[in-house]
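Structure first, commentary second.
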Amino acid sequence: MAGKPRLHYFDGRGRMESIRWLLAAAGVEFEEQFLETPEDLEKLRNDGSLMFQQVPMVEIDGMKLVQTRAILNYIATKYNLYGRDIKERALIDMYAEGMADLYEMILLFPLCPPDQKDAKQTLIKERTKNRYFPAFEKVLKSHGQDYLVGNRLSKADIYLVELLYCVEEFDSSLLANFPLLKALKTRISNLPTVKKFLQPGSPRKPPLEGKRLEEVKKIFNIK
């Protein structure tokens, strides 16, 4: 029997959080090896574990996978969260790429220079309300089904709900005018595996801020 997937990253959200969400939604238990110092990262680089010298890295099925989207696609395929056919996978990928664009903006916001934060915050809110949320609300309205693609759970639904939680933390008012997205969030959140992940004490990480943010910047030598 294969061991549990092993996740190598710092003890925080970052680019690993979507991987944690997807594994949890699939009902897969995993282990985490946290990077705590620059030396921990350098050790992974030196032992050849990181193809491109970067984390996240996930040990799974005898492989050491890097690159977040490659990892997500492997997990989604392995656990039947990637559509029934090539057309459904194309839609899932297209939606997920749009989500990634907004997710990236929010992910990098804590690293934004103080004199740029107000402008960045305004841009994130504008893009959320006028570009990304309307697009996904329209998809759900167009077919009237419970999930984004093929009326079955996919990685796109999980990714979107993770994003909705992140946006609510950023500004809780941004979701107010999107009833179908709110309904999707409730529906996915009530799936037993996801509900478990949302409970206190789960591997889900809190927002990256304060002392933890400073520790992460030291690990990656971010000035």
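Going through the structure tokens in order, the chains are called A, B, and so on, while each chain numbers its residues from 1 and the ligands are numbered from 1 in the order shown.
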Excluding same-chain residues fewer than 6 positions from stretch 100-102 of chain A, what lies within 12 Å of it counting only C-alpha atoms, as a compact mmCIF listing (two decimals) with C-alpha atoms, in the first residue's frame?
# COMPACT_ATOMS: atom_id res chain seq x y z
CA ARG A 15 1.00 27.98 -3.38
CA SER A 18 -4.83 24.74 -3.17
CA THR A 68 1.56 23.73 -8.53
CA ARG A 69 -0.72 23.22 -11.52
CA ASP A 93 -8.71 24.21 -17.06
CA MET A 94 -10.10 27.42 -18.53
CA LEU A 108 0.92 38.32 -3.42
CA PHE A 109 -0.95 41.18 -1.71
CA LYS A 120 -3.53 47.05 -5.35
CA GLN A 121 -6.46 46.59 -3.01
CA LEU A 123 -7.60 46.73 -8.31
CA ILE A 124 -8.34 43.39 -6.63
CA LYS A 125 -11.81 44.54 -5.62
CA GLU A 126 -12.54 45.90 -9.10
CA ARG A 127 -11.40 42.73 -10.86
CA THR A 128 -13.33 40.54 -8.43
CA LYS A 129 -16.63 42.39 -8.83
CA ASN A 130 -16.44 43.23 -12.52
CA ARG A 131 -14.43 40.47 -14.17
CA TYR A 132 -14.06 37.19 -12.31
CA PHE A 133 -17.13 36.73 -10.11
CA ALA A 156 -12.63 23.80 -10.56
CA TYR A 159 -10.52 25.87 -6.37
CA LEU A 160 -13.36 28.35 -6.74
CA GLU A 162 -11.15 28.14 -1.79
CA LEU A 163 -10.95 31.43 -3.70
CA LEU A 164 -14.35 32.54 -2.37
CA CYS A 166 -9.97 34.04 0.43
CA VAL A 167 -11.97 36.87 -1.12
If DSSP is run on the backbone, what residues of stretch 36-207 of chain A are strand (DSSP E)? A reply as a list in words would be ideal. Met57, Val58, Glu59, Ile60, Met63, Lys64, Leu65 and Val66 of chain A
Would you list the contacts of A:Arg212 as a PyMOL selection string, taking every protein, DNA or RNA residue within 12 Å and counting only C-alpha atoms, but skipping same-chain residues closer than 6 positions in sequence? chain A and resi 10-14+36+110+205-206+218-219
Nearest to A:Ile86 among A:Gly150, A:Ile19, A:Leu107, A:Leu181, with distances taken over only C-alpha atoms: which residue is it? A:Gly150
Need the shell around A:Glu32: protein/DNA/RNA residues with any atom at most 12 Å away, counting only C-alpha atoms. Skip same-chain ones fewer than 3 positions apart. Format as a short mmCIF file (atom, residue, chain, number, x, y, z; two decimals) with C-alpha atoms, in the first residue's frame?
data_model
loop_
_atom_site.label_atom_id
_atom_site.label_comp_id
_atom_site.auth_asym_id
_atom_site.auth_seq_id
_atom_site.Cartn_x
_atom_site.Cartn_y
_atom_site.Cartn_z
CA LYS A 4 0.42 9.14 2.30
CA PRO A 5 1.37 12.04 0.04
CA ARG A 6 4.06 14.16 1.67
CA LEU A 7 3.93 17.92 1.17
CA HIS A 8 7.08 20.03 1.36
CA TYR A 9 6.43 23.72 2.00
CA PHE A 10 6.36 26.30 4.77
CA ASP A 11 3.69 26.22 7.47
CA GLY A 12 1.32 28.59 5.70
CA MET A 16 0.51 24.76 -1.43
CA GLU A 17 -2.89 25.67 -0.02
CA ILE A 19 -3.09 21.35 -3.10
CA ARG A 20 -4.15 20.87 0.51
CA GLU A 29 -4.85 12.11 4.19
CA LEU A 35 10.42 24.42 5.76
CA PRO A 56 5.82 23.39 -3.51
CA MET A 57 6.96 19.79 -3.85
CA VAL A 58 4.75 16.79 -3.25
CA GLU A 59 5.96 13.23 -2.87
CA PRO A 203 -4.34 21.15 7.87
CA ARG A 204 -5.99 24.30 6.48
#
When distances are computed from only C-alpha atoms, which of A:Val216, A:Leu111, A:Met105, A:Met63 shows the smallest separation from A:Phe170? A:Met105
Counting only C-alpha atoms, figure out which residue out of A:Phe136, A:Tyr165, A:Tyr74, A:Phe34 gets nearest to A:Val55.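 Going through A:Phe136, A:Tyr165, A:Tyr74, A:Phe34 one by one, the smallest distance to A:Val55 is for A:Phe34.
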Using only C-alpha atoms for the distances, tell me which of A:Ala76, A:Leu50, A:Ala70, A:Leu208 is nearest to A:Asp157. A:Ala76
